[in-house]
file data18.cif (mmCIF, C-alpha atoms)
data_model
#
loop_
_atom_site.label_atom_id
_atom_site.label_comp_id
_atom_site.auth_asym_id
_atom_site.auth_seq_id
_atom_site.Cartn_x
_atom_site.Cartn_y
_atom_site.Cartn_z
CA MET K 2 255.78 124.90 55.40
CA ILE K 3 258.17 127.86 55.29
CA GLN K 4 255.32 130.23 56.10
CA GLU K 5 254.34 128.10 59.10
CA LEU K 6 257.92 128.05 60.39
CA SER K 7 258.11 131.81 59.96
CA THR K 8 254.89 132.30 61.90
CA HIS K 9 256.10 130.12 64.78
CA PHE K 10 259.50 131.85 64.76
CA ASN K 11 257.90 135.31 64.96
CA ALA K 12 255.65 134.27 67.84
CA ILE K 13 258.59 132.85 69.80
CA LEU K 14 260.74 135.89 68.99
CA THR K 15 257.95 138.19 70.19
CA PHE K 16 257.68 136.24 73.45
CA GLY K 17 261.43 136.55 73.94
CA ILE K 18 261.29 140.32 73.35
CA ILE K 19 258.53 140.63 75.96
CA LEU K 20 260.55 138.74 78.60
CA LEU K 21 263.80 140.60 77.95
CA ALA K 22 262.19 144.05 77.73
CA GLY K 23 260.23 143.35 80.92
CA TYR K 24 263.36 142.23 82.75
CA VAL K 25 265.32 145.35 81.75
CA ALA K 26 262.41 147.69 82.51
CA GLY K 27 261.88 146.03 85.90
CA ARG K 28 265.54 146.51 86.81
CA VAL K 29 265.41 150.16 85.74
CA ALA K 30 262.25 150.69 87.81
CA ASN K 31 263.92 149.17 90.88
CA PHE K 32 266.95 151.40 90.34
CA LEU K 33 264.61 154.40 90.35
CA LYS K 34 262.98 153.10 93.58
CA LEU K 35 259.74 152.21 91.76
CA PRO K 36 257.79 148.92 91.75
CA LYS K 37 258.77 146.52 88.97
CA VAL K 38 255.18 146.42 87.72
CA THR K 39 255.50 150.09 86.72
CA GLY K 40 258.52 149.22 84.58
CA TYR K 41 256.68 146.31 82.98
CA ILE K 42 253.73 148.50 81.98
CA ILE K 43 255.99 151.23 80.56
CA ALA K 44 257.90 148.57 78.58
CA GLY K 45 254.61 147.39 77.12
CA VAL K 46 253.66 150.94 76.11
CA LEU K 47 256.98 151.31 74.28
CA LEU K 48 256.63 147.95 72.53
CA GLU K 49 253.06 148.67 71.41
CA PRO K 50 252.47 148.35 67.61
CA SER K 51 251.81 152.07 67.08
CA VAL K 52 254.94 153.15 69.02
CA THR K 53 257.93 150.94 68.13
CA GLY K 54 256.03 148.11 66.48
CA LEU K 55 258.15 145.45 68.21
CA LEU K 56 254.93 143.73 69.28
CA PRO K 57 253.09 142.83 66.04
CA GLN K 58 249.39 143.65 65.78
CA LYS K 59 248.73 139.99 64.95
CA PHE K 60 250.29 138.92 68.25
CA MET K 61 248.25 141.49 70.20
CA ALA K 62 245.04 140.28 68.55
CA HIS K 63 245.67 136.79 69.94
CA SER K 64 247.22 137.75 73.28
CA SER K 65 244.15 136.57 75.22
CA VAL K 66 245.69 133.08 75.39
CA VAL K 67 248.73 134.46 77.23
CA ASN K 68 246.52 136.62 79.47
CA ASN K 69 244.37 133.63 80.40
CA PHE K 70 247.47 131.58 81.23
CA ALA K 71 248.65 134.35 83.55
CA LEU K 72 245.23 134.78 85.15
CA CYS K 73 245.09 131.05 85.92
CA ILE K 74 248.32 131.30 87.91
CA ILE K 75 247.39 134.59 89.61
CA THR K 76 243.91 133.51 90.76
CA TYR K 77 245.24 130.11 91.89
CA ALA K 78 247.77 131.96 94.06
CA ILE K 79 245.05 134.26 95.43
CA GLY K 80 242.95 131.25 96.38
CA GLY K 81 246.01 129.70 97.96
CA SER K 82 246.32 132.69 100.30
CA LEU K 83 242.84 132.04 101.75
CA SER K 84 243.81 129.50 104.37
CA PHE K 85 241.04 129.27 106.94
CA ARG K 86 243.60 128.60 109.67
CA LYS K 87 245.35 131.90 108.94
CA ILE K 88 242.04 133.76 108.60
CA ARG K 89 240.93 132.62 112.06
CA SER K 90 244.27 133.65 113.56
CA LEU K 91 243.87 137.22 112.23
CA GLY K 92 240.60 137.78 114.08
CA ASN K 93 237.43 139.62 113.08
CA THR K 94 238.96 143.03 112.43
CA ILE K 95 240.50 142.14 109.06
CA TRP K 96 237.37 140.39 107.79
CA VAL K 97 235.08 143.25 108.80
CA MET K 98 237.39 145.91 107.38
CA THR K 99 237.83 143.97 104.12
CA ILE K 100 234.09 143.71 103.56
CA PHE K 101 233.41 147.36 104.38
CA GLU K 102 236.28 148.89 102.41
CA SER K 103 235.70 146.79 99.28
CA VAL K 104 231.91 147.22 99.20
CA MET K 105 232.08 150.92 100.05
CA THR K 106 234.71 151.53 97.36
CA PHE K 107 232.52 149.71 94.82
CA LEU K 108 229.48 151.81 95.79
CA MET K 109 231.42 155.10 95.90
CA ILE K 110 232.83 154.65 92.38
CA SER K 111 229.62 153.24 90.88
CA VAL K 112 227.30 155.91 92.24
CA GLY K 113 229.74 158.76 91.68
CA LEU K 114 230.49 157.84 88.07
CA PHE K 115 226.84 157.21 87.22
CA PHE K 116 225.93 160.78 88.17
CA LEU K 117 229.07 162.32 86.63
CA LEU K 118 229.13 160.47 83.28
CA PRO K 119 226.49 162.74 81.67
CA LEU K 120 228.69 165.76 82.49
CA LEU K 121 231.84 163.99 81.27
CA THR K 122 230.29 163.12 77.91
CA ARG K 123 229.01 166.66 77.48
CA TYR K 124 232.01 168.70 78.61
CA ALA K 125 235.07 166.39 78.76
CA GLY K 126 234.81 164.80 75.31
CA LEU K 127 234.15 161.25 76.60
CA SER K 128 232.33 159.16 73.99
CA VAL K 129 229.84 156.88 75.77
CA GLU K 130 226.23 156.14 74.87
CA PRO K 131 223.75 157.11 77.64
CA VAL K 132 222.42 153.54 77.74
CA LEU K 133 225.90 152.43 78.90
CA PHE K 134 226.19 154.88 81.80
CA LEU K 135 224.91 152.46 84.48
CA PRO K 136 226.75 149.28 83.36
CA LEU K 137 229.95 151.29 82.83
CA ALA K 138 229.69 152.77 86.32
CA ILE K 139 229.00 149.38 87.90
CA LEU K 140 231.91 147.70 86.11
CA ALA K 141 234.28 150.55 87.01
CA GLY K 142 233.19 150.23 90.65
CA SER K 143 233.88 146.49 90.67
CA LEU K 144 237.35 147.10 89.23
CA GLY K 145 238.15 149.61 91.97
CA ALA K 146 237.51 147.25 94.88
CA PRO K 147 240.66 145.02 95.01
CA THR K 148 243.98 146.10 96.56
CA ASP K 149 247.49 145.08 95.51
CA PRO K 150 249.41 143.98 98.65
CA THR K 151 252.79 143.71 96.86
CA PRO K 152 253.98 147.32 97.49
CA THR K 153 253.05 147.01 101.17
CA LEU K 154 255.07 143.81 101.48
CA ALA K 155 258.07 145.48 99.83
CA VAL K 156 257.89 148.51 102.16
CA LYS K 157 257.41 146.24 105.18
CA GLU K 158 260.60 144.34 104.33
CA GLU K 159 262.53 147.53 103.60
CA TYR K 160 261.68 149.15 106.95
CA ARG K 161 261.49 145.90 108.97
CA ALA K 162 258.01 146.94 110.08
CA SER K 163 255.81 144.96 112.45
CA GLY K 164 252.60 145.79 114.30
CA PRO K 165 248.81 145.91 114.04
CA VAL K 166 248.70 148.42 111.14
CA THR K 167 251.19 146.46 109.02
CA THR K 168 249.46 143.15 109.77
CA THR K 169 246.02 144.60 109.00
CA ILE K 170 247.11 146.09 105.67
CA LEU K 171 248.70 142.81 104.55
CA GLY K 172 245.71 140.77 105.73
CA ILE K 173 243.19 142.95 103.92
CA GLY K 174 245.36 142.94 100.80
CA ALA K 175 245.37 139.13 100.78
CA PHE K 176 241.61 138.74 101.13
CA ASP K 177 240.62 141.83 99.17
CA ASP K 178 241.27 140.22 95.79
CA ALA K 179 238.88 137.37 96.60
CA MET K 180 236.20 139.86 97.62
CA GLY K 181 236.91 141.85 94.46
CA ILE K 182 236.41 138.82 92.22
CA MET K 183 233.04 138.13 93.87
CA ILE K 184 231.94 141.74 93.30
CA PHE K 185 233.23 141.62 89.72
CA SER K 186 231.30 138.41 89.04
CA LEU K 187 228.04 140.01 90.14
CA ALA K 188 228.80 143.25 88.31
CA THR K 189 229.60 141.58 84.97
CA ALA K 190 226.48 139.42 85.11
CA ALA K 191 224.28 142.40 85.93
CA GLY K 192 226.06 144.62 83.39
CA ALA K 193 225.66 142.07 80.60
CA ALA K 194 221.94 141.82 81.34
CA MET K 195 221.60 145.63 81.18
CA VAL K 196 223.53 145.93 77.91
CA SER K 197 221.61 143.12 76.20
CA GLY K 198 218.29 144.50 77.41
CA SER K 199 217.26 141.13 78.84
CA ALA K 200 217.27 142.13 82.48
CA GLY K 201 213.96 140.31 83.06
CA GLY K 202 213.55 141.59 86.60
CA LEU K 203 214.67 139.57 89.60
CA ALA K 204 215.66 136.41 87.69
CA SER K 205 218.38 138.06 85.62
CA ALA K 206 219.47 140.77 88.05
CA ILE K 207 219.97 138.54 91.11
CA ILE K 208 219.20 134.85 90.67
CA LYS K 209 221.21 134.34 87.47
CA PRO K 210 224.43 135.98 88.80
CA LEU K 211 224.12 134.02 92.06
CA GLY K 212 223.63 130.82 90.07
CA THR K 213 226.74 131.60 88.03
CA ILE K 214 228.75 132.17 91.21
CA PHE K 215 227.47 128.93 92.78
CA PHE K 216 228.33 126.73 89.80
CA SER K 217 231.68 128.51 89.32
CA ILE K 218 232.60 127.69 92.91
CA LEU K 219 231.35 124.12 92.47
CA THR K 220 233.47 123.64 89.34
CA GLY K 221 236.61 124.92 91.07
CA GLY K 222 235.95 122.71 94.07
CA LEU K 223 235.48 119.56 91.98
CA PHE K 224 238.72 120.11 90.05
CA ALA K 225 240.55 120.74 93.33
CA LEU K 226 239.28 117.45 94.74
CA PHE K 227 240.40 115.71 91.56
CA LEU K 228 243.89 117.18 91.91
CA LEU K 229 244.18 116.22 95.57
CA ALA K 230 243.02 112.66 94.89
CA SER K 231 245.23 112.10 91.84
CA SER K 232 248.40 113.62 93.35
CA ARG K 233 248.35 111.89 96.70
CA LYS K 234 251.36 109.67 95.94
CA VAL K 235 253.15 111.98 93.49
CA GLN K 236 256.54 113.17 94.79
CA ASP K 237 258.35 114.26 91.62
CA LYS K 238 258.20 118.09 91.34
CA GLY K 239 258.08 118.10 87.55
CA VAL K 240 255.16 115.68 87.46
CA MET K 241 253.46 117.65 90.22
CA VAL K 242 253.70 120.93 88.29
CA ALA K 243 252.30 119.26 85.17
CA LEU K 244 249.38 117.82 87.14
CA ILE K 245 248.60 121.13 88.85
CA LEU K 246 248.70 123.15 85.64
CA GLY K 247 246.73 120.54 83.71
CA SER K 248 243.95 120.55 86.31
CA LEU K 249 244.05 124.33 86.61
CA PHE K 250 243.85 124.99 82.87
CA ALA K 251 241.08 122.41 82.45
CA CYS K 252 239.12 124.09 85.24
CA PHE K 253 239.52 127.52 83.64
CA GLY K 254 238.71 126.26 80.14
CA ILE K 255 235.59 124.30 81.08
CA ALA K 256 234.26 127.14 83.22
CA GLN K 257 234.79 129.55 80.31
CA ALA K 258 233.23 127.16 77.78
CA ILE K 259 229.97 126.73 79.73
CA GLY K 260 229.59 130.42 80.59
CA LEU K 261 230.73 130.39 84.21
CA ASP K 262 233.12 132.80 85.93
CA GLU K 263 236.48 131.21 85.16
CA LEU K 264 238.45 133.42 87.58
CA LEU K 265 236.16 132.55 90.48
CA SER K 266 236.51 128.85 89.59
CA THR K 267 240.32 128.92 89.59
CA MET K 268 240.40 131.00 92.78
CA THR K 269 238.11 128.45 94.45
CA PHE K 270 240.42 125.73 93.11
CA GLY K 271 243.35 127.26 95.00
CA CYS K 272 241.29 127.90 98.14
CA VAL K 273 240.04 124.30 98.39
CA VAL K 274 243.53 122.91 97.77
CA VAL K 275 245.22 125.04 100.45
CA ASN K 276 242.59 124.14 103.05
CA LEU K 277 242.38 120.39 102.35
CA ALA K 278 245.97 119.53 101.42
CA LYS K 279 248.10 118.00 104.16
CA ASP K 280 251.23 119.55 102.63
CA GLU K 281 250.21 122.86 101.03
CA ASP K 282 253.79 123.68 99.98
CA LYS K 283 253.66 120.71 97.60
CA TYR K 284 250.88 122.45 95.64
CA PHE K 285 252.06 126.05 95.67
CA LEU K 286 255.82 126.47 96.11
CA SER K 287 256.81 124.79 92.83
CA VAL K 288 254.33 126.83 90.77
CA ARG K 289 255.45 130.04 92.45
CA ASP K 290 259.15 129.31 92.06
CA TYR K 291 258.95 128.21 88.42
CA PHE K 292 256.33 130.53 86.97
CA GLU K 293 255.46 133.55 89.13
CA GLU K 294 258.06 136.05 87.90
CA MET K 295 257.63 135.08 84.24
CA VAL K 296 253.85 135.29 84.51
CA PHE K 297 253.87 138.78 86.00
CA THR K 298 256.46 140.03 83.50
CA VAL K 299 254.55 138.85 80.44
CA PHE K 300 251.17 139.80 81.88
CA PHE K 301 252.02 143.42 82.64
CA VAL K 302 254.06 144.03 79.50
CA ILE K 303 251.11 142.89 77.37
CA ALA K 304 248.77 144.95 79.54
CA GLY K 305 250.93 148.02 78.91
CA ALA K 306 250.85 147.29 75.17
CA ASN K 307 247.04 147.46 75.34
CA LEU K 308 247.23 151.02 76.65
CA GLN K 309 246.01 153.40 73.93
CA LEU K 310 247.28 156.87 74.76
CA GLY K 311 244.66 158.61 72.61
CA ILE K 312 241.77 156.98 74.47
CA LEU K 313 243.52 157.51 77.81
CA LYS K 314 243.82 161.22 77.01
CA SER K 315 240.11 161.48 76.17
CA ALA K 316 239.27 159.61 79.40
CA LEU K 317 241.63 161.66 81.59
CA ALA K 318 238.73 163.19 83.51
CA VAL K 319 237.42 159.69 84.28
CA VAL K 320 240.89 158.70 85.54
CA ILE K 321 240.99 161.66 87.93
CA ILE K 322 237.45 161.01 89.20
CA PHE K 323 238.13 157.26 89.54
CA VAL K 324 241.24 157.95 91.65
CA ALA K 325 239.39 160.40 93.92
CA LEU K 326 236.35 158.12 94.41
CA ARG K 327 238.49 155.02 94.98
CA VAL K 328 240.64 156.69 97.64
CA ALA K 329 237.52 158.10 99.33
CA GLY K 330 235.92 154.65 99.35
CA LYS K 331 239.01 152.99 100.81
CA VAL K 332 239.32 155.62 103.56
CA ALA K 333 235.63 155.66 104.51
CA GLY K 334 235.20 151.88 104.27
CA SER K 335 238.30 150.88 106.22
CA TYR K 336 237.59 153.44 108.95
CA THR K 337 233.97 152.29 109.28
CA GLY K 338 235.04 148.64 109.44
CA ALA K 339 237.71 149.45 112.02
CA VAL K 340 235.22 151.28 114.26
CA ILE K 341 232.61 148.50 114.03
CA SER K 342 235.18 145.77 114.78
CA GLY K 343 236.71 147.70 117.68
CA ALA K 344 240.17 148.06 116.13
CA LYS K 345 243.00 150.02 117.73
CA GLU K 346 243.26 153.76 117.11
CA ASN K 347 246.31 153.50 114.84
CA VAL K 348 244.52 150.89 112.71
CA LYS K 349 241.58 153.27 112.28
CA LYS K 350 243.80 156.20 111.33
CA TYR K 351 246.47 154.71 109.06
CA THR K 352 245.29 151.45 107.47
CA ALA K 353 243.62 153.15 104.50
CA LEU K 354 246.97 154.61 103.36
CA GLY K 355 248.23 151.09 102.66
CA LEU K 356 245.13 150.08 100.67
CA VAL K 357 245.69 152.49 97.78
CA PRO K 358 247.86 150.36 95.41
CA GLN K 359 246.05 148.51 92.63
CA GLY K 360 247.59 146.04 90.24
CA GLY K 361 247.63 142.42 89.08
CA ILE K 362 244.10 141.16 89.34
CA ILE K 363 242.41 144.47 88.43
CA VAL K 364 244.31 144.67 85.14
CA GLY K 365 243.42 141.03 84.49
CA LEU K 366 239.73 141.66 85.09
CA ALA K 367 239.79 144.68 82.79
CA LEU K 368 241.50 142.63 80.07
CA LEU K 369 238.87 139.92 80.51
CA LEU K 370 236.12 142.43 79.67
CA LYS K 371 237.66 142.94 76.22
CA GLU K 372 236.89 139.32 75.39
CA GLN K 373 233.15 139.71 76.05
CA PRO K 374 231.16 141.10 73.10
CA ALA K 375 228.51 142.56 75.42
CA PHE K 376 231.02 145.11 76.70
CA SER K 377 232.57 146.13 73.37
CA GLY K 378 231.22 149.67 73.76
CA MET K 379 233.03 150.31 77.04
CA ALA K 380 235.80 147.71 77.54
CA THR K 381 238.53 149.77 75.85
CA ILE K 382 237.69 152.85 77.91
CA LEU K 383 237.70 150.83 81.14
CA LEU K 384 240.98 149.11 80.28
CA ASN K 385 242.76 152.39 79.58
CA VAL K 386 241.37 153.99 82.73
CA ILE K 387 242.51 150.99 84.81
CA LEU K 388 245.98 150.91 83.24
CA GLY K 389 246.40 154.65 83.73
CA THR K 390 245.29 154.58 87.35
CA THR K 391 247.34 151.44 88.06
CA VAL K 392 250.54 153.20 86.99
CA LEU K 393 249.56 156.21 89.13
CA PHE K 394 248.65 154.12 92.18
CA GLU K 395 251.83 152.04 91.86
CA PHE K 396 253.80 155.31 92.00
CA ILE K 397 252.06 156.79 95.04
CA GLY K 398 251.05 153.54 96.80
CA PRO K 399 254.46 152.70 98.31
CA LEU K 400 254.91 156.31 99.46
CA LEU K 401 251.56 156.28 101.29
CA THR K 402 252.33 152.88 102.81
CA GLU K 403 255.67 154.22 104.04
CA ILE K 404 253.83 157.15 105.68
CA ALA K 405 251.38 154.74 107.37
CA ILE K 406 254.17 152.54 108.76
CA LYS K 407 256.25 155.47 110.03
CA ARG K 408 253.36 157.44 111.57
CA SER K 409 252.07 154.33 113.33
CA GLU K 410 255.64 153.90 114.70
CA GLU K 411 255.93 150.30 113.46
CA ALA K 412 259.13 150.76 111.41
CA GLY K 413 262.11 148.82 112.76
CA LYS K 414 260.03 146.61 115.05
CA GLY K 415 260.21 143.50 112.84
CA GLU K 416 262.94 140.94 112.55
#
call {"tool": "encode", "arguments": {"input": "data18.cif", "output": "structure tokens"}}
result
Amino acid sequence: MIQELSTHFNAILTFGIILLAGYVAGRVANFLKLPKVTGYIIAGVLLEPSVTGLLPQKFMAHSSVVNNFALCIITYAIGGSLSFRKIRSLGNTIWVMTIFESVMTFLMISVGLFFLLPLLTRYAGLSVEPVLFLPLAILAGSLGAPTDPTPTLAVKEEYRASGPVTTTILGIGAFDDAMGIMIFSLATAAGAAMVSGSAGGLASAIIKPLGTIFFSILTGGLFALFLLASSRKVQDKGVMVALILGSLFACFGIAQAIGLDELLSTMTFGCVVVNLAKDEDKYFLSVRDYFEEMVFTVFFVIAGANLQLGILKSALAVVIIFVALRVAGKVAGSYTGAVISGAKENVKKYTALGLVPQGGIIVGLALLLKEQPAFSGMATILLNVILGTTVLFEFIGPLLTEIAIKRSEEAGKGE
């Protein structure tokens, strides 16, 4: 009994340390004019078992439960941003640019890394088996597609910016995560088939991933309909939050248990709710107000604690190449999409600068790979590359967004 109480006490104490350290680090980051997420990740690095040891190894070994909780909330919020009414009001430009920049970034990173990995293993000290070159490149490409719109929103508010470039960057950022999850779903299914050696031609490479996506979407949609039907007469906010989270966690858990894409299911859950609910605020505001800040704090601190500096150092060349290929993909893809959709000249020239930041969902996807045995030979490398580049992009992202807003002469034109 005493041992059990001690175990529970240590777990609760650890959770408290994470929240307090994240809060302090976030405030320090803001004081230094940096995004809070950068402070959270640095706090996690300092708390890591091999640095200060304030986060026990036992806690880190079971942190997937906390990560999954956070991912449920994050993907639900992403789905909630996909209101068809808002999408139609933004026009074709944002949709076309989102598709081109995300797909082109995925292809740029995947193809580039595939051809460079043999050189990196030979001359840069990277330890990867040749059989993993293609799945590693594909997974890295899928992780490079999404964009974090948070820094853009912060810069927009700071400079009271308004105009086509600002609107386009924010619109792409909102829909980019959804596109990224779709690409990631296909990439993980194809990568798992390659690693296991059971590719089996067309059935495994195309039909099976598409089937997984279809049933993942179906699962999310069914749970959303259940929530909407069961909450029709519920007015109490506390009861509403319990019902939302219960349905959301059940959706995630069942999708995970039967081998579907749990993130796609919970994102679909949010998307169906926001488009069918008569009062969408009832389903999103309470969750955002009560849980959003805590979720991001815990999520990024734990992500930072997963950063292994030794592996990051050995993969430094991959980090540099990933950054270069990702920026090239964003620039080429957004410009191509802007030209095809007939966007204004400023949108063609400056939008890509605001698409550089990466954060939340990419780190979550990388953490999710660690839970899949098929990717044990590459998940740690990918996670450290993603965490390293996320910190870098969160440093330079706001600066590039500021340049885009000022050069497009949209600063000071908002309310």
call {"tool": "residues_around", "arguments": {"input": "data18.cif", "residues": "segment 181-186 of chain K", "least_positions_apart": "6", "cutoff": "10 Å", "atoms": "all atoms listed in the file", "output": "PyMOL selection string"}}
result
chain K and resi 76+99-100+103-104+107+139-148+192+210-211+213-214+217+261-265+268+362-363+366
call {"tool": "write_last_selection", "arguments": {"input": "data18.cif", "atoms": "C-alpha atoms", "output": "PDB file, in the frame of the given file"}}
result
ATOM      1  CA  THR K  76     243.910 133.510  90.760  1.00  0.00           C
ATOM      2  CA  THR K  99     237.830 143.970 104.120  1.00  0.00           C
ATOM      3  CA  ILE K 100     234.090 143.710 103.560  1.00  0.00           C
ATOM      4  CA  SER K 103     235.700 146.790  99.280  1.00  0.00           C
ATOM      5  CA  VAL K 104     231.910 147.220  99.200  1.00  0.00           C
ATOM      6  CA  PHE K 107     232.520 149.710  94.820  1.00  0.00           C
ATOM      7  CA  ILE K 139     229.000 149.380  87.900  1.00  0.00           C
ATOM      8  CA  LEU K 140     231.910 147.700  86.110  1.00  0.00           C
ATOM      9  CA  ALA K 141     234.280 150.550  87.010  1.00  0.00           C
ATOM     10  CA  GLY K 142     233.190 150.230  90.650  1.00  0.00           C
ATOM     11  CA  SER K 143     233.880 146.490  90.670  1.00  0.00           C
ATOM     12  CA  LEU K 144     237.350 147.100  89.230  1.00  0.00           C
ATOM     13  CA  GLY K 145     238.150 149.610  91.970  1.00  0.00           C
ATOM     14  CA  ALA K 146     237.510 147.250  94.880  1.00  0.00           C
ATOM     15  CA  PRO K 147     240.660 145.020  95.010  1.00  0.00           C
ATOM     16  CA  THR K 148     243.980 146.100  96.560  1.00  0.00           C
ATOM     17  CA  GLY K 192     226.060 144.620  83.390  1.00  0.00           C
ATOM     18  CA  PRO K 210     224.430 135.980  88.800  1.00  0.00           C
ATOM     19  CA  LEU K 211     224.120 134.020  92.060  1.00  0.00           C
ATOM     20  CA  THR K 213     226.740 131.600  88.030  1.00  0.00           C
ATOM     21  CA  ILE K 214     228.750 132.170  91.210  1.00  0.00           C
ATOM     22  CA  SER K 217     231.680 128.510  89.320  1.00  0.00           C
ATOM     23  CA  LEU K 261     230.730 130.390  84.210  1.00  0.00           C
ATOM     24  CA  ASP K 262     233.120 132.800  85.930  1.00  0.00           C
ATOM     25  CA  GLU K 263     236.480 131.210  85.160  1.00  0.00           C
ATOM     26  CA  LEU K 264     238.450 133.420  87.580  1.00  0.00           C
ATOM     27  CA  LEU K 265     236.160 132.550  90.480  1.00  0.00           C
ATOM     28  CA  MET K 268     240.400 131.000  92.780  1.00  0.00           C
ATOM     29  CA  ILE K 362     244.100 141.160  89.340  1.00  0.00           C
ATOM     30  CA  ILE K 363     242.410 144.470  88.430  1.00  0.00           C
ATOM     31  CA  LEU K 366     239.730 141.660  85.090  1.00  0.00           C
TER      32      LEU K 366
END
call {"tool": "closest_residue", "arguments": {"input": "data18.cif", "among": "K:Val348, K:Leu118, K:Cys252, K:Ile110", "to": "Ser409 of chain K", "atoms": "only C-alpha atoms"}}
result
K:Val348
call {"tool": "resolve_selection", "arguments": {"input": "data18.cif", "expression": "the PyMOL selection byres ((chain K and resi 166) around 10)", "output": "PyMOL selection string"}}
result
chain K and resi 162-165+167-172+344-353+355+405-406+409-411
call {"tool": "axis_aligned_box", "arguments": {"input": "data18.cif", "around": "segment 266-279 of chain K", "padding_each_side": "8 Å", "output": "AutoDock Vina command-line options"}}
result
--center_x 242.3 --center_y 124.5 --center_z 96.9 --size_x 27.6 --size_y 29.0 --size_z 30.6
call {"tool": "closest_residue", "arguments": {"input": "data18.cif", "among": "K:Asn276, K:Thr122, K:Ser51, K:Ser197", "to": "Ser84 of chain K", "atoms": "all atoms listed in the file"}}
result
K:Asn276
call {"tool": "resolve_selection", "arguments": {"input": "data18.cif", "expression": "the PyMOL selection byres ((chain K and resi 47) around 12)", "output": "count of residues only"}}
result
30
call {"tool": "resolve_selection", "arguments": {"input": "data18.cif", "expression": "the PyMOL selection byres ((chain K and resi 275) around 12)", "output": "number ranges by chain"}}
result
K: 77-87, 222, 225-226, 228-229, 268-274, 276-286
call {"tool": "atom_distance", "arguments": {"input": "data18.cif", "atom1": "atom CA of Pro358 of chain K", "atom2": "atom CA of Ser335 of chain K"}}
result
14.4 Å
call {"tool": "atom_distance", "arguments": {"input": "data18.cif", "atom1": "atom CA of Ser232 of chain K", "atom2": "atom CA of Thr298 of chain K"}}
result
29.3 Å
call {"tool": "atom_distance", "arguments": {"input": "data18.cif", "atom1": "atom CA of Val364 of chain K", "atom2": "atom CA of Leu317 of chain K"}}
result
17.6 Å
call {"tool": "residues_around", "arguments": {"input": "data18.cif", "residues": "Val328 of chain K", "least_positions_apart": "4", "cutoff": "8 Å", "atoms": "all atoms listed in the file", "output": "list in words"}}
result
Thr106, Val324, Val332 and Val357 of chain K
call {"tool": "decode", "arguments": {"input": "data18.cif", "residues": "segment 345-355 of chain K", "atoms": "N, CA, C and O atoms", "output": "mmCIF file, in the first residue's frame"}}
result
data_model
loop_
_atom_site.group_PDB
_atom_site.id
_atom_site.type_symbol
_atom_site.label_atom_id
_atom_site.label_comp_id
_atom_site.auth_asym_id
_atom_site.auth_seq_id
_atom_site.Cartn_x
_atom_site.Cartn_y
_atom_site.Cartn_z
ATOM 1 N N LYS K 345 -2.747 37.072 -56.411
ATOM 2 C CA LYS K 345 -2.100 38.368 -56.592
ATOM 3 C C LYS K 345 -0.582 38.242 -56.488
ATOM 4 O O LYS K 345 -0.056 37.290 -55.906
ATOM 5 N N GLU K 346 0.119 39.229 -57.025
ATOM 6 C CA GLU K 346 1.582 39.172 -57.095
ATOM 7 C C GLU K 346 2.220 39.078 -55.710
ATOM 8 O O GLU K 346 3.172 38.327 -55.507
ATOM 9 N N ASN K 347 1.725 39.853 -54.749
ATOM 10 C CA ASN K 347 2.281 39.792 -53.402
ATOM 11 C C ASN K 347 2.106 38.417 -52.766
ATOM 12 O O ASN K 347 2.965 37.953 -52.017
ATOM 13 N N VAL K 348 0.977 37.766 -53.052
ATOM 14 C CA VAL K 348 0.726 36.418 -52.527
ATOM 15 C C VAL K 348 1.739 35.430 -53.101
ATOM 16 O O VAL K 348 2.260 34.568 -52.392
ATOM 17 N N LYS K 349 2.038 35.582 -54.387
ATOM 18 C CA LYS K 349 3.038 34.712 -55.018
ATOM 19 C C LYS K 349 4.417 34.908 -54.399
ATOM 20 O O LYS K 349 5.151 33.946 -54.155
ATOM 21 N N LYS K 350 4.764 36.150 -54.117
ATOM 22 C CA LYS K 350 6.132 36.468 -53.692
ATOM 23 C C LYS K 350 6.402 36.197 -52.216
ATOM 24 O O LYS K 350 7.495 35.762 -51.841
ATOM 25 N N TYR K 351 5.405 36.435 -51.343
ATOM 26 C CA TYR K 351 5.711 36.474 -49.905
ATOM 27 C C TYR K 351 5.043 35.397 -49.055
ATOM 28 O O TYR K 351 5.423 35.229 -47.892
ATOM 29 N N THR K 352 4.074 34.687 -49.589
ATOM 30 C CA THR K 352 3.347 33.710 -48.769
ATOM 31 C C THR K 352 4.256 32.648 -48.181
ATOM 32 O O THR K 352 4.124 32.254 -47.013
ATOM 33 N N ALA K 353 5.208 32.158 -48.974
ATOM 34 C CA ALA K 353 6.073 31.057 -48.524
ATOM 35 C C ALA K 353 6.839 31.402 -47.246
ATOM 36 O O ALA K 353 7.130 30.514 -46.432
ATOM 37 N N LEU K 354 7.161 32.692 -47.050
ATOM 38 C CA LEU K 354 7.907 33.093 -45.848
ATOM 39 C C LEU K 354 7.124 32.802 -44.565
ATOM 40 O O LEU K 354 7.713 32.542 -43.519
ATOM 41 N N GLY K 355 5.808 32.833 -44.654
ATOM 42 C CA GLY K 355 4.979 32.568 -43.481
ATOM 43 C C GLY K 355 4.645 31.107 -43.279
ATOM 44 O O GLY K 355 3.968 30.745 -42.308
#
